[in-house]
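Okay, so here's the structure we're looking at.
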Amino acid sequence: MSETVDAVVIGAGVVGLACAYELTKRLDTVVVIEREVGPGREISSRNSGVVHAGIYYPSDSLKTKLCIEGNRRLYEWCETHEVPHQHTGKLIVATSTEDEQRLRTIARHAKEVGAGELRLMTGREAMEQEPELRCALALHSPTSGVVDVHEFIASLVHEIKEADGMVVYHTEVDEIRKSANGWVVQTTDTTGSQMELHAQRIVNAAGLSALDVAAKSGLPATQRPWRLYPCKGSYFALGAGAPPTRNSLIYPLPAGGGLGVHITADISGARRAGPDAEFVDTIDYSVDESRVARFADAVARYLPAIRPEHLTPDYSGIRPKLVGPEGGFADFVIANPTSQPGVVHLIGIESPGLTAALAIGARVSDVMG
Ligand SMILES: Cc1cc2nc3c(=O)[nH]c(=O)nc-3n(C[C@H](O)[C@H](O)[C@H](O)COP(=O)(O)OP(=O)(O)OC[C@H]3O[C@@H](n4cnc5c(N)ncnc54)[C@H](O)[C@@H]3O)c2cc1C
């Protein structure tokens, strides 16, 4: 089977769907190809569901710009599409003198980049508000919040379909090759049936498989200098006996490639601790129960009454990180290679990719011209 469309988006995670939604505003036929049984089955449904403010990343980075813009767009989207969300605000807490200095630096930087309103609170003030908390200094970010990710994903799929776009599941992209007037995307579905989609525009939003898809598109190795380091983040649910917290989002300072083992309460109020950061070679989402002591220790630094017995294994997600355990900063990559006109590869879209998704979609649509 062969069809001609205006654009093909590979991957029905939040980022691919946001790109497809933006493209439907100016193109007639946009098709999203997804190998899983439904949308958002990989990174997009395995995260903290936090709407970030853009506090931590370098000033000129895409992460900062797209997170701040994405935060605004996401709240607006939630309002207009009736997606459950809460402007919960977030507390970042420093528990040592060294952390205090780091937190003051983070606060200064966040103000400079325009990451929403922010307020430094003394430890005493924070602990009055949050009696189980122990900290020396806290930073309150009122523009941080939580979103119902599944409802957000469902609303994106709905809008794409309303605009006559299509989201095709159970279908994997095998190969992308150049044709006389654009590109041919070859797919195979779970029944083994193959299809060729002819398109002028292609968005590779394949998350953890984005580098494989870039290779399948024939992008020369010299033009894909990136390497992905899958980094697993596990979550443990907080049981009813766990110390009570009033703030929905309580974060320590960033550590070890993640934002630190934080406490989140999702839209239903269910609390969990996580994610940690564990570099892995294989995609395995099971949560290792033996990590519970390490989790309890990490949380106990700011919530001393937590005990391992308050925590039960919940779920995990895997970040497509562009830097390994040695650390350092890596920005989102939105690559539009000159050798591949009409093609955009999205690489390393880890946190704050959920928050930034709608801004990434708008940026990709602009890049495609
Ligand atoms: C533990 C964790 C916590 C996080 N917390 C937050 C947070 O609180 N706030 C925030 O803003 N961000 C957070 N993030 C980041 C955010 O979840 C991601 O940036 C975002 O979900 C990435 O979406 P995506 O669409 O790029 O990837 P995905 O959701 O993985 O979508 C990619 C899709 O491509 C499909 N695919 C791959 N290859 C093919 C192929 N060949 N053919 C067809 N389909 C293919 C996959 O099946 C998948 O569905 C977190 C991430 C993790 C891992």
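Residue numbering restarts at 1 in every chain; chains get A, B, ... in the order shown in the structure tokens, and ligands count up from 1 in that same order.
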For the interface of chain A with ligand 1 (cut-off 7 Å, counting only C-alpha atoms and all ligand atoms), please tabulate each contacting residue of chain A alongside its nearest pair of atoms and their separation in Å to one decimal, rows sorted by chain and increasing number, as JSON lines.
```
{"residue": "A:Ile10", "atom": "CA", "partner": "ligand 1", "partner_atom_place_in_ligand_line": "44 (N)", "distance": 5.4}
{"residue": "A:Gly11", "atom": "CA", "partner": "ligand 1", "partner_atom_place_in_ligand_line": "34 (O)", "distance": 3.2}
{"residue": "A:Ala12", "atom": "CA", "partner": "ligand 1", "partner_atom_place_in_ligand_line": "49 (O)", "distance": 5.0}
{"residue": "A:Gly13", "atom": "CA", "partner": "ligand 1", "partner_atom_place_in_ligand_line": "25 (O)", "distance": 3.2}
{"residue": "A:Val14", "atom": "CA", "partner": "ligand 1", "partner_atom_place_in_ligand_line": "25 (O)", "distance": 4.3}
{"residue": "A:Val15", "atom": "CA", "partner": "ligand 1", "partner_atom_place_in_ligand_line": "25 (O)", "distance": 3.7}
{"residue": "A:Gly16", "atom": "CA", "partner": "ligand 1", "partner_atom_place_in_ligand_line": "25 (O)", "distance": 5.0}
{"residue": "A:Ile33", "atom": "CA", "partner": "ligand 1", "partner_atom_place_in_ligand_line": "43 (C)", "distance": 5.3}
{"residue": "A:Glu34", "atom": "CA", "partner": "ligand 1", "partner_atom_place_in_ligand_line": "44 (N)", "distance": 3.8}
{"residue": "A:Arg35", "atom": "CA", "partner": "ligand 1", "partner_atom_place_in_ligand_line": "43 (C)", "distance": 4.1}
{"residue": "A:Glu36", "atom": "CA", "partner": "ligand 1", "partner_atom_place_in_ligand_line": "47 (O)", "distance": 5.1}
{"residue": "A:Pro39", "atom": "CA", "partner": "ligand 1", "partner_atom_place_in_ligand_line": "49 (O)", "distance": 6.1}
{"residue": "A:Gly40", "atom": "CA", "partner": "ligand 1", "partner_atom_place_in_ligand_line": "29 (O)", "distance": 4.8}
{"residue": "A:Arg41", "atom": "CA", "partner": "ligand 1", "partner_atom_place_in_ligand_line": "49 (O)", "distance": 5.2}
{"residue": "A:Glu42", "atom": "CA", "partner": "ligand 1", "partner_atom_place_in_ligand_line": "30 (O)", "distance": 4.2}
{"residue": "A:Ile43", "atom": "CA", "partner": "ligand 1", "partner_atom_place_in_ligand_line": "30 (O)", "distance": 3.8}
{"residue": "A:Ser44", "atom": "CA", "partner": "ligand 1", "partner_atom_place_in_ligand_line": "21 (O)", "distance": 3.2}
{"residue": "A:Ser45", "atom": "CA", "partner": "ligand 1", "partner_atom_place_in_ligand_line": "21 (O)", "distance": 6.8}
{"residue": "A:Arg46", "atom": "CA", "partner": "ligand 1", "partner_atom_place_in_ligand_line": "2 (C)", "distance": 5.9}
{"residue": "A:Asn47", "atom": "CA", "partner": "ligand 1", "partner_atom_place_in_ligand_line": "3 (C)", "distance": 3.4}
{"residue": "A:Ser48", "atom": "CA", "partner": "ligand 1", "partner_atom_place_in_ligand_line": "8 (O)", "distance": 3.7}
{"residue": "A:Gly49", "atom": "CA", "partner": "ligand 1", "partner_atom_place_in_ligand_line": "8 (O)", "distance": 4.3}
{"residue": "A:Val50", "atom": "CA", "partner": "ligand 1", "partner_atom_place_in_ligand_line": "8 (O)", "distance": 3.6}
{"residue": "A:Val51", "atom": "CA", "partner": "ligand 1", "partner_atom_place_in_ligand_line": "9 (N)", "distance": 5.5}
{"residue": "A:His52", "atom": "CA", "partner": "ligand 1", "partner_atom_place_in_ligand_line": "11 (O)", "distance": 5.8}
{"residue": "A:Thr171", "atom": "CA", "partner": "ligand 1", "partner_atom_place_in_ligand_line": "43 (C)", "distance": 5.9}
{"residue": "A:Glu172", "atom": "CA", "partner": "ligand 1", "partner_atom_place_in_ligand_line": "42 (N)", "distance": 3.6}
{"residue": "A:Val173", "atom": "CA", "partner": "ligand 1", "partner_atom_place_in_ligand_line": "42 (N)", "distance": 3.9}
{"residue": "A:Asp174", "atom": "CA", "partner": "ligand 1", "partner_atom_place_in_ligand_line": "41 (N)", "distance": 6.0}
{"residue": "A:Ala205", "atom": "CA", "partner": "ligand 1", "partner_atom_place_in_ligand_line": "26 (O)", "distance": 5.4}
{"residue": "A:Ala206", "atom": "CA", "partner": "ligand 1", "partner_atom_place_in_ligand_line": "34 (O)", "distance": 3.5}
{"residue": "A:Gly207", "atom": "CA", "partner": "ligand 1", "partner_atom_place_in_ligand_line": "27 (O)", "distance": 3.8}
{"residue": "A:Leu208", "atom": "CA", "partner": "ligand 1", "partner_atom_place_in_ligand_line": "30 (O)", "distance": 5.9}
{"residue": "A:Ser209", "atom": "CA", "partner": "ligand 1", "partner_atom_place_in_ligand_line": "38 (N)", "distance": 4.8}
{"residue": "A:Ala210", "atom": "CA", "partner": "ligand 1", "partner_atom_place_in_ligand_line": "38 (N)", "distance": 6.5}
{"residue": "A:Val213", "atom": "CA", "partner": "ligand 1", "partner_atom_place_in_ligand_line": "41 (N)", "distance": 5.8}
{"residue": "A:Lys232", "atom": "CA", "partner": "ligand 1", "partner_atom_place_in_ligand_line": "1 (C)", "distance": 6.6}
{"residue": "A:Gly233", "atom": "CA", "partner": "ligand 1", "partner_atom_place_in_ligand_line": "1 (C)", "distance": 4.4}
{"residue": "A:Ser234", "atom": "CA", "partner": "ligand 1", "partner_atom_place_in_ligand_line": "1 (C)", "distance": 6.7}
{"residue": "A:Pro275", "atom": "CA", "partner": "ligand 1", "partner_atom_place_in_ligand_line": "1 (C)", "distance": 5.4}
{"residue": "A:Ser316", "atom": "CA", "partner": "ligand 1", "partner_atom_place_in_ligand_line": "1 (C)", "distance": 6.2}
{"residue": "A:Gly317", "atom": "CA", "partner": "ligand 1", "partner_atom_place_in_ligand_line": "53 (C)", "distance": 4.2}
{"residue": "A:Ile318", "atom": "CA", "partner": "ligand 1", "partner_atom_place_in_ligand_line": "53 (C)", "distance": 4.0}
{"residue": "A:Arg319", "atom": "CA", "partner": "ligand 1", "partner_atom_place_in_ligand_line": "53 (C)", "distance": 3.9}
{"residue": "A:Ile349", "atom": "CA", "partner": "ligand 1", "partner_atom_place_in_ligand_line": "19 (O)", "distance": 4.6}
{"residue": "A:Glu350", "atom": "CA", "partner": "ligand 1", "partner_atom_place_in_ligand_line": "19 (O)", "distance": 3.7}
{"residue": "A:Ser351", "atom": "CA", "partner": "ligand 1", "partner_atom_place_in_ligand_line": "15 (C)", "distance": 3.5}
{"residue": "A:Pro352", "atom": "CA", "partner": "ligand 1", "partner_atom_place_in_ligand_line": "11 (O)", "distance": 3.4}
{"residue": "A:Gly353", "atom": "CA", "partner": "ligand 1", "partner_atom_place_in_ligand_line": "19 (O)", "distance": 3.1}
{"residue": "A:Leu354", "atom": "CA", "partner": "ligand 1", "partner_atom_place_in_ligand_line": "11 (O)", "distance": 3.6}
{"residue": "A:Thr355", "atom": "CA", "partner": "ligand 1", "partner_atom_place_in_ligand_line": "11 (O)", "distance": 3.7}
{"residue": "A:Ala356", "atom": "CA", "partner": "ligand 1", "partner_atom_place_in_ligand_line": "11 (O)", "distance": 6.3}
```
Restrict the selected residues to C-alpha atoms and save them as an mmCIF file, in the first residue's frame.
```cif
data_model
loop_
_atom_site.group_PDB
_atom_site.id
_atom_site.type_symbol
_atom_site.label_atom_id
_atom_site.label_comp_id
_atom_site.auth_asym_id
_atom_site.auth_seq_id
_atom_site.Cartn_x
_atom_site.Cartn_y
_atom_site.Cartn_z
ATOM 1 C CA ILE A 10 7.261 9.198 14.002
ATOM 2 C CA GLY A 11 6.212 8.610 17.606
ATOM 3 C CA ALA A 12 2.963 9.324 19.457
ATOM 4 C CA GLY A 13 4.498 10.538 22.699
ATOM 5 C CA VAL A 14 3.652 14.038 23.933
ATOM 6 C CA VAL A 15 6.364 15.555 21.759
ATOM 7 C CA GLY A 16 5.399 13.825 18.487
ATOM 8 C CA ILE A 33 3.024 6.538 13.172
ATOM 9 C CA GLU A 34 3.317 4.733 16.512
ATOM 10 C CA ARG A 35 4.570 1.195 17.083
ATOM 11 C CA GLU A 36 2.793 0.740 20.420
ATOM 12 C CA PRO A 39 -0.242 6.935 22.517
ATOM 13 C CA GLY A 40 2.320 7.877 25.181
ATOM 14 C CA ARG A 41 3.254 4.314 26.179
ATOM 15 C CA GLU A 42 6.984 5.005 26.533
ATOM 16 C CA ILE A 43 8.617 8.045 28.193
ATOM 17 C CA SER A 44 5.473 10.169 28.126
ATOM 18 C CA SER A 45 3.491 8.101 30.606
ATOM 19 C CA ARG A 46 6.456 7.277 32.827
ATOM 20 C CA ASN A 47 7.338 10.600 34.386
ATOM 21 C CA SER A 48 6.504 12.840 37.340
ATOM 22 C CA GLY A 49 3.761 14.760 35.514
ATOM 23 C CA VAL A 50 5.257 18.011 36.757
ATOM 24 C CA VAL A 51 4.835 21.289 34.903
ATOM 25 C CA HIS A 52 8.272 22.793 35.367
ATOM 26 C CA THR A 171 2.937 0.300 13.178
ATOM 27 C CA GLU A 172 6.704 0.641 13.125
ATOM 28 C CA VAL A 173 8.810 2.810 10.862
ATOM 29 C CA ASP A 174 11.427 0.550 9.258
ATOM 30 C CA ALA A 205 10.028 12.140 17.639
ATOM 31 C CA ALA A 206 10.896 8.548 18.499
ATOM 32 C CA GLY A 207 12.156 9.250 22.031
ATOM 33 C CA LEU A 208 14.511 6.506 23.173
ATOM 34 C CA SER A 209 14.666 5.223 19.562
ATOM 35 C CA ALA A 210 15.251 8.621 17.939
ATOM 36 C CA VAL A 213 15.260 6.293 13.428
ATOM 37 C CA LYS A 232 16.238 4.887 34.465
ATOM 38 C CA GLY A 233 14.250 6.677 37.127
ATOM 39 C CA SER A 234 12.240 4.533 39.551
ATOM 40 C CA PRO A 275 12.793 9.313 40.330
ATOM 41 C CA SER A 316 9.774 3.628 36.371
ATOM 42 C CA GLY A 317 10.640 5.653 33.294
ATOM 43 C CA ILE A 318 13.765 5.918 31.194
ATOM 44 C CA ARG A 319 15.337 9.232 30.164
ATOM 45 C CA ILE A 349 14.119 15.084 24.781
ATOM 46 C CA GLU A 350 14.309 14.234 28.461
ATOM 47 C CA SER A 351 12.917 16.420 31.269
ATOM 48 C CA PRO A 352 11.467 19.053 30.913
ATOM 49 C CA GLY A 353 10.107 17.562 27.662
ATOM 50 C CA LEU A 354 6.558 17.112 28.959
ATOM 51 C CA THR A 355 6.375 20.763 29.997
ATOM 52 C CA ALA A 356 8.091 21.923 26.805
#
```
Original post:
Can you tell me, as a list in words, what residues are no more than 8 Å from A:Glu100 when counting only C-alpha atoms, ignoring any on the same chain fewer than 6 positions away?
Top reply: Ala94, Ala136 and Leu137 of chain A
**OP:** Could you tell me how far atom CA of A:Thr312 lies from atom CA of A:Val147, in Å and to one decimal?
**Re:**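 Distance reported for this atom pair: 22.9 Å.
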As a PDB file with C-alpha atoms, in the first residue's frame, list the residues of stretch 16-129 of chain A assigned to strand (DSSP E or B) by DSSP on the backbone atoms of this structure.
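Saved as selection.pdb:
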```pdb
ATOM      1  CA  VAL A  30      -0.577  14.788   8.898  1.00  0.00           C
ATOM      2  CA  VAL A  31      -0.032  11.191   9.974  1.00  0.00           C
ATOM      3  CA  VAL A  32       1.520  10.030  13.233  1.00  0.00           C
ATOM      4  CA  ILE A  33       3.024   6.538  13.172  1.00  0.00           C
ATOM      5  CA  VAL A  50       5.257  18.011  36.757  1.00  0.00           C
ATOM      6  CA  VAL A  51       4.835  21.289  34.903  1.00  0.00           C
ATOM      7  CA  HIS A  85      -4.072  20.214  36.249  1.00  0.00           C
ATOM      8  CA  GLN A  86      -3.131  22.113  39.401  1.00  0.00           C
ATOM      9  CA  LYS A  90       6.929  23.630  44.261  1.00  0.00           C
ATOM     10  CA  LEU A  91       9.444  23.836  47.109  1.00  0.00           C
ATOM     11  CA  ILE A  92      13.133  23.218  46.458  1.00  0.00           C
ATOM     12  CA  VAL A  93      14.890  22.619  49.742  1.00  0.00           C
ATOM     13  CA  ALA A  94      18.495  22.966  50.879  1.00  0.00           C
ATOM     14  CA  ARG A 119      10.612  33.353  46.561  1.00  0.00           C
ATOM     15  CA  LEU A 120      13.399  32.309  48.898  1.00  0.00           C
ATOM     16  CA  MET A 121      12.096  31.242  52.314  1.00  0.00           C
ATOM     17  CA  THR A 122      14.076  30.710  55.487  1.00  0.00           C
TER      18      THR A 122
END
```
**OP:** Would you mind reading off the distance between atom CA of A:Glu175 and atom CA of A:Lys216, one decimal, in Å?
**Re:** 5.1 Å
Which residues of stretch 179-284 of chain A come within 12 Å of stretch 358-369 of chain A, and for each one, what is the closest pair of atoms and their distance in Å to one decimal, counting only C-alpha atoms, sorted by chain and residue number, as a Markdown table?
```
| residue | atom | partner | partner_atom | distance |
| --- | --- | --- | --- | --- |
| A:Gln200 | CA | A:Met368 | CA | 10.0 |
| A:Arg201 | CA | A:Met368 | CA | 7.5 |
| A:Ile202 | CA | A:Met368 | CA | 9.1 |
| A:Val203 | CA | A:Val364 | CA | 8.1 |
| A:Asn204 | CA | A:Val364 | CA | 10.5 |
| A:Ala205 | CA | A:Gly361 | CA | 10.3 |
```
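Atom CA of A:Arg301 to atom CA of A:Pro230 spans 26.9 Å [interatomic distance, one decimal].
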Original post:
Taking into account only C-alpha atoms, which residue in the set A:Ala298, A:Ile306, A:Ala163, A:Ile55 is nearest to A:Asp28?
Top reply: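 Comparing A:Ala298, A:Ile306, A:Ala163, A:Ile55 against A:Asp28, the winner is A:Ala163.
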Please identify all polymer residues within 7 Å of A:Ile347, counting only C-alpha atoms, omitting same-chain residues fewer than 6 positions from it, and present them as an mmCIF file with N, CA and C atoms, in the first residue's frame.
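Output saved as out-v4.cif:
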```
data_model
loop_
_atom_site.group_PDB
_atom_site.id
_atom_site.type_symbol
_atom_site.label_atom_id
_atom_site.label_comp_id
_atom_site.auth_asym_id
_atom_site.auth_seq_id
_atom_site.Cartn_x
_atom_site.Cartn_y
_atom_site.Cartn_z
ATOM 1 N N ALA A 210 15.075 7.548 18.929
ATOM 2 C CA ALA A 210 15.251 8.621 17.939
ATOM 3 C C ALA A 210 16.566 8.485 17.162
ATOM 4 N N PHE A 332 18.345 19.966 24.572
ATOM 5 C CA PHE A 332 17.509 19.291 23.581
ATOM 6 C C PHE A 332 18.165 19.508 22.215
ATOM 7 N N VAL A 333 18.072 18.519 21.346
ATOM 8 C CA VAL A 333 18.549 18.698 19.965
ATOM 9 C C VAL A 333 17.334 18.723 19.037
ATOM 10 N N ILE A 334 17.219 19.819 18.289
ATOM 11 C CA ILE A 334 16.197 19.910 17.240
ATOM 12 C C ILE A 334 16.992 20.074 15.950
#
```
Original post:
Which is closest to A:Glu82 among A:Gln186, A:Ser155, A:Ser339, A:Ser268, if we use only C-alpha atoms?
Top reply: A:Ser155
Subject >> Close residues, A:Met1 itself excluded, 8 Å, only C-alpha atoms, min 3 positions apart in chain, as a list of chain:residue names >> reply: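 Near A:Met1, the qualifying residues are A:Gln194, A:Met195, A:Glu196.
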Original post:
Just asking: which residues within stretch 168-244 of chain A are alpha helix (DSSP H) according to DSSP, as a list of chain:residue names?
Top reply: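 For stretch 168-244 of chain A, the alpha helix (DSSP H) set is A:Ala210, A:Leu211, A:Asp212, A:Val213, A:Ala214, A:Ala215, A:Lys216.
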